[in-house]
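Participant: Pasting target-v5.json below, which is JSON, C-alpha atoms (C1' of nucleotides).
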[["chain", "number", "residue", "atom", "x", "y", "z"],
["A", 647, "MET", "CA", 8.65, 82.88, 2.40],
["A", 648, "ASN", "CA", 5.65, 80.65, 1.77],
["A", 649, "ILE", "CA", 5.87, 77.06, 0.59],
["A", 650, "SER", "CA", 5.63, 77.70, -3.12],
["A", 651, "GLY", "CA", 8.37, 80.32, -2.96],
["A", 652, "ALA", "CA", 10.55, 77.95, -0.96],
["A", 653, "ALA", "CA", 9.85, 75.11, -3.34],
["A", 654, "LYS", "CA", 10.74, 77.25, -6.32],
["A", 655, "ALA", "CA", 13.93, 78.47, -4.65],
["A", 656, "ALA", "CA", 15.01, 74.92, -3.85],
["A", 657, "GLY", "CA", 13.91, 73.55, -7.19],
["A", 658, "LEU", "CA", 11.54, 71.07, -5.58],
["A", 659, "PRO", "CA", 7.82, 70.37, -5.99],
["A", 660, "VAL", "CA", 5.60, 71.89, -3.31],
["A", 661, "LYS", "CA", 4.36, 68.43, -2.41],
["A", 662, "THR", "CA", 7.88, 67.30, -1.73],
["A", 663, "VAL", "CA", 8.62, 70.25, 0.52],
["A", 664, "ARG", "CA", 5.47, 69.50, 2.48],
["A", 665, "TYR", "CA", 6.50, 65.88, 2.68],
["A", 666, "TYR", "CA", 9.92, 66.81, 4.04],
["A", 667, "ALA", "CA", 8.18, 68.90, 6.68],
["A", 668, "ASP", "CA", 5.88, 66.01, 7.56],
["A", 669, "ILE", "CA", 8.73, 63.59, 8.14],
["A", 670, "GLY", "CA", 10.72, 66.17, 10.04],
["A", 671, "LEU", "CA", 13.55, 66.34, 7.52],
["A", 672, "VAL", "CA", 13.28, 70.07, 6.84],
["A", 673, "THR", "CA", 10.68, 71.82, 8.95],
["A", 674, "PRO", "CA", 9.54, 75.35, 8.21],
["A", 675, "SER", "CA", 11.01, 77.99, 10.48],
["A", 676, "ALA", "CA", 7.53, 79.15, 11.47],
["A", 677, "ARG", "CA", 3.85, 79.14, 10.70],
["A", 678, "THR", "CA", 1.82, 82.24, 9.85],
["A", 679, "GLN", "CA", -1.28, 83.05, 11.85],
["A", 680, "ALA", "CA", -3.35, 81.28, 9.21],
["A", 681, "GLY", "CA", -1.22, 78.15, 9.57],
["A", 682, "TYR", "CA", 0.84, 78.64, 6.43],
["A", 683, "ARG", "CA", 4.36, 77.20, 6.48],
["A", 684, "ASP", "CA", 7.02, 79.90, 6.56],
["A", 685, "TYR", "CA", 10.61, 79.32, 5.43],
["A", 686, "ASP", "CA", 13.48, 81.59, 6.41],
["A", 687, "ASP", "CA", 16.97, 81.63, 4.88],
["A", 688, "VAL", "CA", 18.28, 78.83, 7.07],
["A", 689, "ALA", "CA", 15.33, 76.55, 6.25],
["A", 690, "LEU", "CA", 15.71, 77.44, 2.58],
["A", 691, "ARG", "CA", 19.35, 76.46, 2.58],
["A", 692, "LYS", "CA", 18.47, 73.15, 4.22],
["A", 693, "LEU", "CA", 15.87, 72.51, 1.55],
["A", 694, "SER", "CA", 18.37, 73.16, -1.22],
["A", 695, "PHE", "CA", 20.93, 71.02, 0.56],
["A", 696, "VAL", "CA", 18.52, 68.11, 0.72],
["A", 697, "GLY", "CA", 17.50, 68.68, -2.88],
["A", 698, "ARG", "CA", 21.09, 68.32, -4.02],
["A", 699, "ALA", "CA", 21.73, 65.31, -1.80],
["A", 700, "ARG", "CA", 18.63, 63.61, -3.20],
["A", 701, "ALA", "CA", 19.81, 64.45, -6.71],
["A", 702, "LEU", "CA", 22.97, 62.50, -5.88],
["A", 703, "GLY", "CA", 20.70, 59.64, -4.93],
["A", 704, "PHE", "CA", 21.20, 59.74, -1.17],
["A", 705, "PRO", "CA", 18.18, 58.15, 0.52],
["A", 706, "ILE", "CA", 16.24, 60.23, 3.03],
["A", 707, "ALA", "CA", 17.94, 58.58, 6.00],
["A", 708, "GLN", "CA", 21.37, 59.56, 4.71],
["A", 709, "CYS", "CA", 20.12, 63.04, 3.85],
["A", 710, "ARG", "CA", 19.14, 63.33, 7.47],
["A", 711, "GLU", "CA", 22.63, 62.35, 8.60],
["A", 712, "LEU", "CA", 24.26, 64.67, 6.09],
["A", 713, "LEU", "CA", 22.01, 67.51, 7.18],
["A", 714, "GLY", "CA", 23.06, 66.86, 10.76],
["A", 715, "LEU", "CA", 26.72, 67.03, 9.80],
["A", 716, "TYR", "CA", 26.07, 70.13, 7.68],
["A", 717, "GLN", "CA", 24.81, 71.93, 10.77],
["A", 718, "ASP", "CA", 27.46, 70.49, 13.07],
["A", 719, "ALA", "CA", 30.45, 72.79, 13.26],
["A", 720, "GLY", "CA", 32.33, 70.06, 15.12],
["A", 721, "ARG", "CA", 31.97, 67.51, 12.34],
["A", 722, "SER", "CA", 34.90, 65.73, 10.79],
["A", 723, "SER", "CA", 35.12, 65.32, 7.04],
["A", 724, "ALA", "CA", 35.72, 61.63, 7.76],
["A", 725, "GLU", "CA", 32.13, 61.27, 8.94],
["A", 726, "VAL", "CA", 30.85, 62.86, 5.75],
["A", 727, "LYS", "CA", 33.15, 60.79, 3.60],
["A", 728, "GLU", "CA", 31.98, 57.59, 5.26],
["A", 729, "ILE", "CA", 28.38, 58.27, 4.30],
["A", 730, "ALA", "CA", 29.39, 59.19, 0.78],
["A", 731, "LEU", "CA", 31.43, 56.01, 0.46],
["A", 732, "GLU", "CA", 28.47, 53.99, 1.59],
["A", 733, "ARG", "CA", 26.39, 55.58, -1.11],
["A", 734, "LEU", "CA", 29.15, 55.09, -3.64],
["A", 735, "GLU", "CA", 29.36, 51.39, -2.85],
["A", 736, "ASP", "CA", 25.62, 51.23, -3.20],
["A", 737, "ILE", "CA", 25.84, 52.79, -6.64],
["A", 738, "ARG", "CA", 28.61, 50.41, -7.67],
["A", 739, "ALA", "CA", 26.61, 47.40, -6.52],
["A", 740, "LYS", "CA", 23.65, 48.60, -8.58],
["A", 741, "GLN", "CA", 25.93, 49.13, -11.55],
["A", 742, "ARG", "CA", 27.30, 45.60, -11.33],
["A", 743, "LYS", "CA", 23.82, 44.19, -11.13],
["A", 744, "LEU", "CA", 22.59, 46.27, -14.06],
["A", 745, "GLN", "CA", 25.62, 45.30, -16.11],
["A", 746, "LYS", "CA", 24.84, 41.62, -15.61],
["A", 747, "LEU", "CA", 21.23, 42.13, -16.57],
["A", 748, "HIS", "CA", 22.26, 44.18, -19.55],
["A", 749, "ASP", "CA", 24.71, 41.61, -20.86],
["A", 750, "GLU", "CA", 22.33, 38.73, -20.44],
["A", 751, "LEU", "CA", 19.40, 40.52, -22.01],
["A", 752, "ALA", "CA", 21.50, 41.98, -24.83],
["A", 753, "HIS", "CA", 22.73, 38.50, -25.61],
["A", 754, "LEU", "CA", 19.19, 37.15, -25.80],
["A", 755, "VAL", "CA", 17.95, 40.07, -27.86],
["A", 756, "GLY", "CA", 20.85, 39.61, -30.25],
["A", 757, "ALA", "CA", 19.93, 35.98, -30.72],
["A", 758, "CYS", "CA", 16.27, 36.72, -31.42],
["A", 759, "LYS", "CA", 15.44, 37.19, -35.07],
["A", 760, "GLY", "CA", 12.42, 39.34, -34.38],
["A", 761, "ASP", "CA", 10.46, 38.00, -37.30],
["A", 762, "ALA", "CA", 6.95, 36.62, -37.76],
["A", 763, "ARG", "CA", 7.77, 33.13, -36.54],
["A", 764, "PRO", "CA", 7.16, 32.05, -32.96],
["A", 765, "ASP", "CA", 10.62, 30.58, -32.30],
["A", 766, "CYS", "CA", 12.34, 32.84, -29.83],
["A", 767, "PRO", "CA", 15.47, 32.36, -27.72],
["A", 768, "ILE", "CA", 14.12, 34.84, -25.18],
["A", 769, "ILE", "CA", 11.03, 32.75, -24.56],
["A", 770, "ASP", "CA", 13.20, 29.64, -24.59],
["A", 771, "TYR", "CA", 15.45, 31.11, -21.94],
["A", 772, "LEU", "CA", 12.50, 32.03, -19.72],
["A", 773, "SER", "CA", 10.84, 28.64, -20.14],
["B", 1341, "MET", "CA", 1.26, 20.64, -5.30],
["B", 1342, "ASN", "CA", 0.66, 23.05, -2.45],
["B", 1343, "ILE", "CA", 2.04, 26.56, -2.30],
["B", 1344, "SER", "CA", 5.26, 25.82, -0.47],
["B", 1345, "GLY", "CA", 6.13, 23.04, -2.89],
["B", 1346, "ALA", "CA", 5.38, 25.31, -5.83],
["B", 1347, "ALA", "CA", 7.39, 28.13, -4.31],
["B", 1348, "LYS", "CA", 10.36, 25.83, -3.74],
["B", 1349, "ALA", "CA", 10.14, 24.46, -7.26],
["B", 1350, "ALA", "CA", 10.06, 27.95, -8.75],
["B", 1351, "GLY", "CA", 12.69, 29.30, -6.40],
["B", 1352, "LEU", "CA", 10.38, 31.97, -5.07],
["B", 1353, "PRO", "CA", 9.21, 32.93, -1.57],
["B", 1354, "VAL", "CA", 5.76, 31.65, -0.64],
["B", 1355, "LYS", "CA", 4.63, 35.23, -0.06],
["B", 1356, "THR", "CA", 5.58, 36.10, -3.60],
["B", 1357, "VAL", "CA", 3.68, 33.18, -5.08],
["B", 1358, "ARG", "CA", 0.62, 34.21, -3.09],
["B", 1359, "TYR", "CA", 1.09, 37.76, -4.29],
["B", 1360, "TYR", "CA", 1.26, 36.64, -7.92],
["B", 1361, "ALA", "CA", -1.98, 34.76, -7.38],
["B", 1362, "ASP", "CA", -3.59, 37.83, -5.80],
["B", 1363, "ILE", "CA", -2.76, 40.08, -8.73],
["B", 1364, "GLY", "CA", -3.80, 37.41, -11.21],
["B", 1365, "LEU", "CA", -0.34, 36.97, -12.70],
["B", 1366, "VAL", "CA", -0.06, 33.25, -12.00],
["B", 1367, "THR", "CA", -3.15, 31.75, -10.46],
["B", 1368, "PRO", "CA", -3.18, 28.26, -8.95],
["B", 1369, "SER", "CA", -4.75, 25.62, -11.16],
["B", 1370, "ALA", "CA", -7.20, 24.71, -8.40],
["B", 1371, "ARG", "CA", -8.08, 24.95, -4.72],
["B", 1372, "THR", "CA", -8.36, 21.98, -2.41],
["B", 1373, "GLN", "CA", -11.55, 21.44, -0.47],
["B", 1374, "ALA", "CA", -9.92, 23.22, 2.46],
["B", 1375, "GLY", "CA", -9.17, 26.23, 0.29],
["B", 1376, "TYR", "CA", -5.45, 25.49, -0.21],
["B", 1377, "ARG", "CA", -3.93, 26.70, -3.47],
["B", 1378, "ASP", "CA", -3.02, 23.85, -5.77],
["B", 1379, "TYR", "CA", -0.45, 24.13, -8.57],
["B", 1380, "ASP", "CA", -0.22, 21.68, -11.46],
["B", 1381, "ASP", "CA", 2.63, 21.39, -13.95],
["B", 1382, "VAL", "CA", 1.37, 24.16, -16.19],
["B", 1383, "ALA", "CA", 0.98, 26.59, -13.30],
["B", 1384, "LEU", "CA", 4.41, 25.57, -12.02],
["B", 1385, "ARG", "CA", 6.00, 26.33, -15.36],
["B", 1386, "LYS", "CA", 4.35, 29.72, -15.42],
["B", 1387, "LEU", "CA", 5.68, 30.46, -11.96],
["B", 1388, "SER", "CA", 9.21, 29.58, -13.00],
["B", 1389, "PHE", "CA", 8.80, 31.61, -16.17],
["B", 1390, "VAL", "CA", 7.80, 34.66, -14.20],
["B", 1391, "GLY", "CA", 10.58, 34.04, -11.71],
["B", 1392, "ARG", "CA", 13.17, 34.15, -14.48],
["B", 1393, "ALA", "CA", 11.59, 37.17, -16.14],
["B", 1394, "ARG", "CA", 11.62, 39.03, -12.83],
["B", 1395, "ALA", "CA", 15.25, 38.02, -12.34],
["B", 1396, "LEU", "CA", 15.96, 39.78, -15.64],
["B", 1397, "GLY", "CA", 14.29, 42.82, -14.15],
["B", 1398, "PHE", "CA", 11.10, 42.78, -16.21],
["B", 1399, "PRO", "CA", 8.37, 44.61, -14.28],
["B", 1400, "ILE", "CA", 5.18, 42.73, -13.50],
["B", 1401, "ALA", "CA", 3.30, 44.34, -16.40],
["B", 1402, "GLN", "CA", 5.88, 43.11, -18.88],
["B", 1403, "CYS", "CA", 5.94, 39.69, -17.23],
["B", 1404, "ARG", "CA", 2.24, 39.57, -17.89],
["B", 1405, "GLU", "CA", 2.76, 40.35, -21.56],
["B", 1406, "LEU", "CA", 5.58, 37.84, -21.87],
["B", 1407, "LEU", "CA", 3.50, 35.20, -20.15],
["B", 1408, "GLY", "CA", 0.76, 35.88, -22.67],
["B", 1409, "LEU", "CA", 3.16, 35.43, -25.57],
["B", 1410, "TYR", "CA", 4.63, 32.33, -23.92],
["B", 1411, "GLN", "CA", 1.19, 30.72, -24.04],
["B", 1412, "ASP", "CA", 0.35, 32.04, -27.48],
["B", 1413, "ALA", "CA", 1.32, 29.55, -30.16],
["B", 1414, "GLY", "CA", 0.59, 32.20, -32.79],
["B", 1415, "ARG", "CA", 3.10, 34.70, -31.39],
["B", 1416, "SER", "CA", 5.84, 36.24, -33.44],
["B", 1417, "SER", "CA", 9.34, 36.54, -32.05],
["B", 1418, "ALA", "CA", 9.13, 40.19, -33.08],
["B", 1419, "GLU", "CA", 6.57, 40.80, -30.35],
["B", 1420, "VAL", "CA", 8.82, 39.24, -27.75],
["B", 1421, "LYS", "CA", 11.84, 41.11, -28.99],
["B", 1422, "GLU", "CA", 10.01, 44.40, -28.79],
["B", 1423, "ILE", "CA", 9.30, 43.92, -25.11],
["B", 1424, "ALA", "CA", 12.87, 42.85, -24.45],
["B", 1425, "LEU", "CA", 14.19, 45.88, -26.29],
["B", 1426, "GLU", "CA", 12.02, 48.12, -24.20],
["B", 1427, "ARG", "CA", 13.46, 46.59, -21.08],
["B", 1428, "LEU", "CA", 16.97, 46.85, -22.50],
["B", 1429, "GLU", "CA", 16.55, 50.55, -23.19],
["B", 1430, "ASP", "CA", 15.25, 50.91, -19.66],
["B", 1431, "ILE", "CA", 18.37, 49.24, -18.32],
["B", 1432, "ARG", "CA", 20.60, 51.44, -20.45],
["B", 1433, "ALA", "CA", 18.86, 54.59, -19.25],
["B", 1434, "LYS", "CA", 19.38, 53.49, -15.65],
["B", 1435, "GLN", "CA", 23.02, 52.75, -16.40],
["B", 1436, "ARG", "CA", 23.58, 56.20, -17.83],
["B", 1437, "LYS", "CA", 21.98, 57.80, -14.83],
["B", 1438, "LEU", "CA", 23.97, 55.70, -12.39],
["B", 1439, "GLN", "CA", 27.18, 56.44, -14.25],
["B", 1440, "LYS", "CA", 26.60, 60.17, -13.89],
["B", 1441, "LEU", "CA", 25.88, 59.81, -10.18],
["B", 1442, "HIS", "CA", 28.91, 57.58, -9.77],
["B", 1443, "ASP", "CA", 31.28, 59.96, -11.50],
["B", 1444, "GLU", "CA", 30.05, 62.98, -9.63],
["B", 1445, "LEU", "CA", 30.12, 61.28, -6.25],
["B", 1446, "ALA", "CA", 33.47, 59.59, -6.88],
["B", 1447, "HIS", "CA", 34.93, 62.98, -7.76],
["B", 1448, "LEU", "CA", 33.66, 64.48, -4.52],
["B", 1449, "VAL", "CA", 34.81, 61.53, -2.44],
["B", 1450, "GLY", "CA", 38.21, 61.72, -4.05],
["B", 1451, "ALA", "CA", 38.49, 65.39, -3.12],
["B", 1452, "CYS", "CA", 37.52, 64.82, 0.52],
["B", 1453, "LYS", "CA", 40.41, 64.19, 2.85],
["B", 1454, "GLY", "CA", 38.35, 62.25, 5.33],
["B", 1455, "ASP", "CA", 40.21, 63.54, 8.34],
["B", 1456, "ALA", "CA", 39.23, 65.07, 11.67],
["B", 1457, "ARG", "CA", 38.72, 68.57, 10.29],
["B", 1458, "PRO", "CA", 35.30, 69.85, 9.26],
["B", 1459, "ASP", "CA", 36.27, 71.16, 5.82],
["B", 1460, "CYS", "CA", 34.65, 68.94, 3.27],
["B", 1461, "PRO", "CA", 34.13, 69.35, -0.47],
["B", 1462, "ILE", "CA", 31.10, 67.05, -0.26],
["B", 1463, "ILE", "CA", 29.33, 69.32, 2.19],
["B", 1464, "ASP", "CA", 30.50, 72.33, 0.17],
["B", 1465, "TYR", "CA", 28.97, 70.87, -2.96],
["B", 1466, "LEU", "CA", 25.67, 70.21, -1.25],
["B", 1467, "SER", "CA", 25.55, 73.67, 0.36],
["C", 975, "DG", "C1'", -8.07, 9.77, 20.31],
["C", 976, "DT", "C1'", -5.71, 13.66, 21.05],
["C", 977, "DT", "C1'", -2.06, 16.58, 20.82],
["C", 978, "DT", "C1'", 1.78, 18.72, 18.64],
["C", 979, "DG", "C1'", 3.88, 21.00, 14.97],
["C", 980, "DA", "C1'", 3.92, 22.33, 10.46],
["C", 981, "DC", "C1'", 1.29, 23.63, 7.23],
["C", 982, "DC", "C1'", -2.40, 26.68, 5.10],
["C", 983, "DT", "C1'", -5.86, 30.78, 4.77],
["C", 984, "DT", "C1'", -7.20, 35.88, 4.78],
["C", 985, "DC", "C1'", -6.39, 40.43, 6.39],
["C", 986, "DC", "C1'", -4.00, 44.34, 7.45],
["C", 987, "DC", "C1'", 0.28, 47.03, 8.20],
["C", 988, "DT", "C1'", 4.99, 48.39, 6.64],
["C", 989, "DC", "C1'", 8.55, 49.86, 3.48],
["C", 990, "DT", "C1'", 10.57, 54.29, -0.20],
["C", 991, "DA", "C1'", 9.69, 58.75, -1.60],
["C", 992, "DC", "C1'", 6.69, 60.77, -3.09],
["C", 993, "DT", "C1'", 2.14, 62.19, -6.19],
["C", 994, "DG", "C1'", -2.74, 63.17, -6.92],
["C", 995, "DG", "C1'", -6.93, 64.76, -5.43],
["C", 996, "DA", "C1'", -10.81, 66.28, -2.42],
["C", 997, "DA", "C1'", -12.73, 69.48, 0.90],
["C", 998, "DG", "C1'", -12.21, 73.57, 2.82],
["C", 999, "DG", "C1'", -9.77, 78.08, 4.63],
["C", 1000, "DT", "C1'", -6.92, 82.56, 3.20],
["C", 1001, "DT", "C1'", -5.09, 86.14, 0.54],
["C", 1002, "DT", "C1'", -4.85, 89.19, -3.26],
["C", 1003, "DA", "C1'", -6.43, 91.52, -7.25],
["C", 1004, "DT", "C1'", -9.94, 93.37, -9.73],
["D", 1108, "DA", "C1'", -18.00, 91.21, -3.96],
["D", 1109, "DT", "C1'", -16.02, 87.83, -6.09],
["D", 1110, "DA", "C1'", -12.78, 85.13, -8.60],
["D", 1111, "DA", "C1'", -8.23, 83.31, -8.93],
["D", 1112, "DA", "C1'", -4.60, 81.62, -6.77],
["D", 1113, "DC", "C1'", -2.87, 80.43, -2.91],
["D", 1114, "DC", "C1'", -2.74, 77.53, 1.43],
["D", 1115, "DT", "C1'", -4.19, 73.64, 4.83],
["D", 1116, "DT", "C1'", -5.11, 68.60, 6.27],
["D", 1117, "DC", "C1'", -6.35, 64.06, 5.14],
["D", 1118, "DC", "C1'", -6.83, 59.95, 2.33],
["D", 1119, "DA", "C1'", -5.46, 56.91, -1.34],
["D", 1120, "DG", "C1'", -2.27, 55.05, -4.51],
["D", 1121, "DT", "C1'", 2.26, 53.72, -6.70],
["D", 1122, "DA", "C1'", 5.91, 48.50, -7.16],
["D", 1123, "DG", "C1'", 6.67, 44.47, -5.27],
["D", 1124, "DA", "C1'", 6.63, 42.48, -2.00],
["D", 1125, "DG", "C1'", 7.69, 41.33, 3.55],
["D", 1126, "DG", "C1'", 5.98, 40.75, 8.38],
["D", 1127, "DG", "C1'", 2.86, 39.18, 11.42],
["D", 1128, "DA", "C1'", -1.74, 38.13, 13.63],
["D", 1129, "DA", "C1'", -5.83, 35.22, 14.02],
["D", 1130, "DG", "C1'", -7.60, 31.15, 12.85],
["D", 1131, "DG", "C1'", -8.40, 26.65, 9.96],
["D", 1132, "DT", "C1'", -6.20, 21.94, 8.43],
["D", 1133, "DC", "C1'", -3.47, 17.93, 8.20],
["D", 1134, "DA", "C1'", -0.12, 14.15, 9.24],
["D", 1135, "DA", "C1'", 2.37, 11.82, 12.48],
["D", 1136, "DA", "C1'", 3.46, 10.58, 17.12],
["D", 1137, "DC", "C1'", 2.00, 9.30, 21.61]]
What's the structure tokens form of this structure?
Facilitator:
Amino acid sequence: MNISGAAKAAGLPVKTVRYYADIGLVTPSARTQAGYRDYDDVALRKLSFVGRARALGFPIAQCRELLGLYQDAGRSSAEVKEIALERLEDIRAKQRKLQKLHDELAHLVGACKGDARPDCPIIDYLS
Amino acid sequence: MNISGAAKAAGLPVKTVRYYADIGLVTPSARTQAGYRDYDDVALRKLSFVGRARALGFPIAQCRELLGLYQDAGRSSAEVKEIALERLEDIRAKQRKLQKLHDELAHLVGACKGDARPDCPIIDYLS
DNA sequence: GTTTGACCTTCCCTCTACTGGAAGGTTTAT
DNA sequence: ATAAACCTTCCAGTAGAGGGAAGGTCAAAC
């Protein structure tokens, strides 16, 4: 299957699939005589796997680890869980940070009249 | 005041202050004969202003707008509020997205035993 | 008076994870 | 035969800096 077919099957943009090949994350199974990337079933499944991992927000480096475990029959679920927990903690840290920003900004916005006069608690806070 | 003094006063890294000068966000008030950036009180206040806006997560473009309003005696608080509301909606969108990721990943992690066996609902989900 | 160390400057590379586009080759359909 | 629709590589850009090299400057110590 050529790159556009593979991209469609994995639900990814062609550019992204090419990028994954470039960085050695998911390489095509072969090249045609003309140099076209060729994806077989195994490569396709890896592409979809990475697509879903990325959709969960795993960075490329963790996708690489997960892909390694995916192909490793001798893996332990503990290894997988560890990576997922790392990512989960990452998400929670981001959530805490966003919550703080949200509360602070919401407070300021609530205090700002939003009228034609220049007086503004938001500007005051930043000053 | 030279760049390291200005950076310290604004609580920003020197590299960041130089970067803000490069992109024309906060330019030094002058240069010494030797070419050193020189920051006066006004420039210092702008630096601090931007530092606080960035800490609230405003992107550079919005910092630029806010800085413009900060210096504009004829501003209306409505203009400021509009920018802040934009940013707030941005934060809320990110929160919603993170919440979805969190719930999905937490569910998977909860279902994974994390033992020595290879069976793993996380891998299953990604496959 | 010079030397040392701490500054400062510009310039270019690196990071994440792509995205866009140009120039040019290939395949397929008409 | 040719036009459309593919494909290729390469280069540049995104946000917001951070790292580091090569070289100029300045203040204090010796």
Participant: Matching every Cα in sequence order between the two identical chains, what are the coordinates of chain B once fitted onto chain A? Write them as a tab-separated table (two decimals) with C-alpha atoms, in the coordinates of the input.
Facilitator:
chain	number	residue	atom	x	y	z
B	1341	MET	CA	8.56	82.78	2.28
B	1342	ASN	CA	5.59	80.53	1.68
B	1343	ILE	CA	5.84	76.95	0.50
B	1344	SER	CA	5.61	77.58	-3.22
B	1345	GLY	CA	8.33	80.20	-3.06
B	1346	ALA	CA	10.53	77.87	-1.04
B	1347	ALA	CA	9.85	75.00	-3.41
B	1348	LYS	CA	10.74	77.15	-6.41
B	1349	ALA	CA	13.91	78.39	-4.75
B	1350	ALA	CA	15.01	74.85	-3.91
B	1351	GLY	CA	13.93	73.45	-7.25
B	1352	LEU	CA	11.58	70.97	-5.64
B	1353	PRO	CA	7.87	70.21	-6.06
B	1354	VAL	CA	5.63	71.72	-3.40
B	1355	LYS	CA	4.41	68.24	-2.50
B	1356	THR	CA	7.96	67.18	-1.80
B	1357	VAL	CA	8.65	70.14	0.44
B	1358	ARG	CA	5.48	69.37	2.38
B	1359	TYR	CA	6.55	65.75	2.60
B	1360	TYR	CA	9.97	66.72	3.97
B	1361	ALA	CA	8.21	68.80	6.59
B	1362	ASP	CA	5.91	65.89	7.47
B	1363	ILE	CA	8.77	63.49	8.06
B	1364	GLY	CA	10.72	66.11	9.98
B	1365	LEU	CA	13.57	66.29	7.48
B	1366	VAL	CA	13.28	70.02	6.80
B	1367	THR	CA	10.66	71.75	8.87
B	1368	PRO	CA	9.50	75.29	8.13
B	1369	SER	CA	10.98	77.93	10.40
B	1370	ALA	CA	7.49	79.09	11.39
B	1371	ARG	CA	3.78	79.04	10.61
B	1372	THR	CA	1.76	82.11	9.76
B	1373	GLN	CA	-1.33	82.91	11.78
B	1374	ALA	CA	-3.38	81.15	9.11
B	1375	GLY	CA	-1.28	78.02	9.48
B	1376	TYR	CA	0.81	78.53	6.31
B	1377	ARG	CA	4.33	77.11	6.39
B	1378	ASP	CA	6.96	79.81	6.46
B	1379	TYR	CA	10.57	79.27	5.36
B	1380	ASP	CA	13.42	81.59	6.31
B	1381	ASP	CA	16.91	81.62	4.80
B	1382	VAL	CA	18.22	78.84	7.00
B	1383	ALA	CA	15.30	76.55	6.19
B	1384	LEU	CA	15.68	77.42	2.51
B	1385	ARG	CA	19.32	76.44	2.54
B	1386	LYS	CA	18.47	73.15	4.17
B	1387	LEU	CA	15.87	72.47	1.51
B	1388	SER	CA	18.38	73.11	-1.26
B	1389	PHE	CA	20.94	70.98	0.55
B	1390	VAL	CA	18.55	68.07	0.71
B	1391	GLY	CA	17.53	68.63	-2.89
B	1392	ARG	CA	21.13	68.27	-4.03
B	1393	ALA	CA	21.77	65.28	-1.79
B	1394	ARG	CA	18.69	63.55	-3.17
B	1395	ALA	CA	19.86	64.37	-6.69
B	1396	LEU	CA	23.04	62.44	-5.85
B	1397	GLY	CA	20.80	59.56	-4.88
B	1398	PHE	CA	21.29	59.71	-1.12
B	1399	PRO	CA	18.27	58.11	0.58
B	1400	ILE	CA	16.31	60.20	3.05
B	1401	ALA	CA	18.03	58.59	6.05
B	1402	GLN	CA	21.44	59.57	4.75
B	1403	CYS	CA	20.18	63.04	3.87
B	1404	ARG	CA	19.20	63.35	7.48
B	1405	GLU	CA	22.69	62.40	8.62
B	1406	LEU	CA	24.32	64.73	6.13
B	1407	LEU	CA	22.04	67.55	7.17
B	1408	GLY	CA	23.10	66.93	10.75
B	1409	LEU	CA	26.77	67.13	9.82
B	1410	TYR	CA	26.10	70.20	7.67
B	1411	GLN	CA	24.83	72.00	10.77
B	1412	ASP	CA	27.49	70.59	13.06
B	1413	ALA	CA	30.47	72.92	13.25
B	1414	GLY	CA	32.37	70.21	15.13
B	1415	ARG	CA	32.03	67.63	12.35
B	1416	SER	CA	34.96	65.86	10.82
B	1417	SER	CA	35.19	65.41	7.07
B	1418	ALA	CA	35.81	61.74	7.83
B	1419	GLU	CA	32.22	61.39	8.99
B	1420	VAL	CA	30.93	62.92	5.79
B	1421	LYS	CA	33.23	60.83	3.66
B	1422	GLU	CA	32.07	57.66	5.34
B	1423	ILE	CA	28.47	58.32	4.38
B	1424	ALA	CA	29.47	59.21	0.84
B	1425	LEU	CA	31.52	56.04	0.55
B	1426	GLU	CA	28.57	54.01	1.68
B	1427	ARG	CA	26.46	55.58	-1.02
B	1428	LEU	CA	29.23	55.06	-3.56
B	1429	GLU	CA	29.45	51.37	-2.76
B	1430	ASP	CA	25.69	51.22	-3.09
B	1431	ILE	CA	25.92	52.76	-6.54
B	1432	ARG	CA	28.66	50.36	-7.56
B	1433	ALA	CA	26.65	47.36	-6.40
B	1434	LYS	CA	23.69	48.57	-8.45
B	1435	GLN	CA	25.97	49.07	-11.44
B	1436	ARG	CA	27.29	45.54	-11.21
B	1437	LYS	CA	23.80	44.15	-11.00
B	1438	LEU	CA	22.58	46.23	-13.92
B	1439	GLN	CA	25.59	45.24	-15.99
B	1440	LYS	CA	24.79	41.56	-15.49
B	1441	LEU	CA	21.16	42.11	-16.45
B	1442	HIS	CA	22.22	44.18	-19.44
B	1443	ASP	CA	24.66	41.60	-20.75
B	1444	GLU	CA	22.26	38.73	-20.34
B	1445	LEU	CA	19.35	40.55	-21.92
B	1446	ALA	CA	21.45	42.02	-24.72
B	1447	HIS	CA	22.67	38.52	-25.54
B	1448	LEU	CA	19.11	37.23	-25.74
B	1449	VAL	CA	17.91	40.18	-27.78
B	1450	GLY	CA	20.80	39.74	-30.14
B	1451	ALA	CA	19.86	36.10	-30.67
B	1452	CYS	CA	16.20	36.86	-31.38
B	1453	LYS	CA	15.38	37.42	-35.01
B	1454	GLY	CA	12.37	39.57	-34.29
B	1455	ASP	CA	10.38	38.29	-37.22
B	1456	ALA	CA	6.87	36.95	-37.72
B	1457	ARG	CA	7.68	33.44	-36.54
B	1458	PRO	CA	7.07	32.31	-32.97
B	1459	ASP	CA	10.51	30.82	-32.32
B	1460	CYS	CA	12.24	33.02	-29.84
B	1461	PRO	CA	15.37	32.50	-27.74
B	1462	ILE	CA	14.02	34.97	-25.18
B	1463	ILE	CA	10.92	32.91	-24.56
B	1464	ASP	CA	13.06	29.76	-24.64
B	1465	TYR	CA	15.31	31.18	-21.96
B	1466	LEU	CA	12.40	32.09	-19.75
B	1467	SER	CA	10.69	28.71	-20.21
Participant: Can you work out which residues from chain C touch chain B at a cut-off of 9 Å (counting all atoms listed in the file) and hand them back as a PyMOL selection string?
Facilitator: chain C and resi 981-983
Participant: Give the residues of chain B that lie within 9 Å of chain D; count all atoms listed in the file, and format the answer as a PyMOL selection string.
Facilitator: chain B and resi 1355-1356+1359+1374+1399-1400
Participant: Pick out the closest residue to chain B from this set: A:Arg700, A:Lys740, A:Arg763, A:Arg664. Count all atoms listed in the file.
Facilitator: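 That would be A:Arg763, the residue with the smallest distance to chain B.
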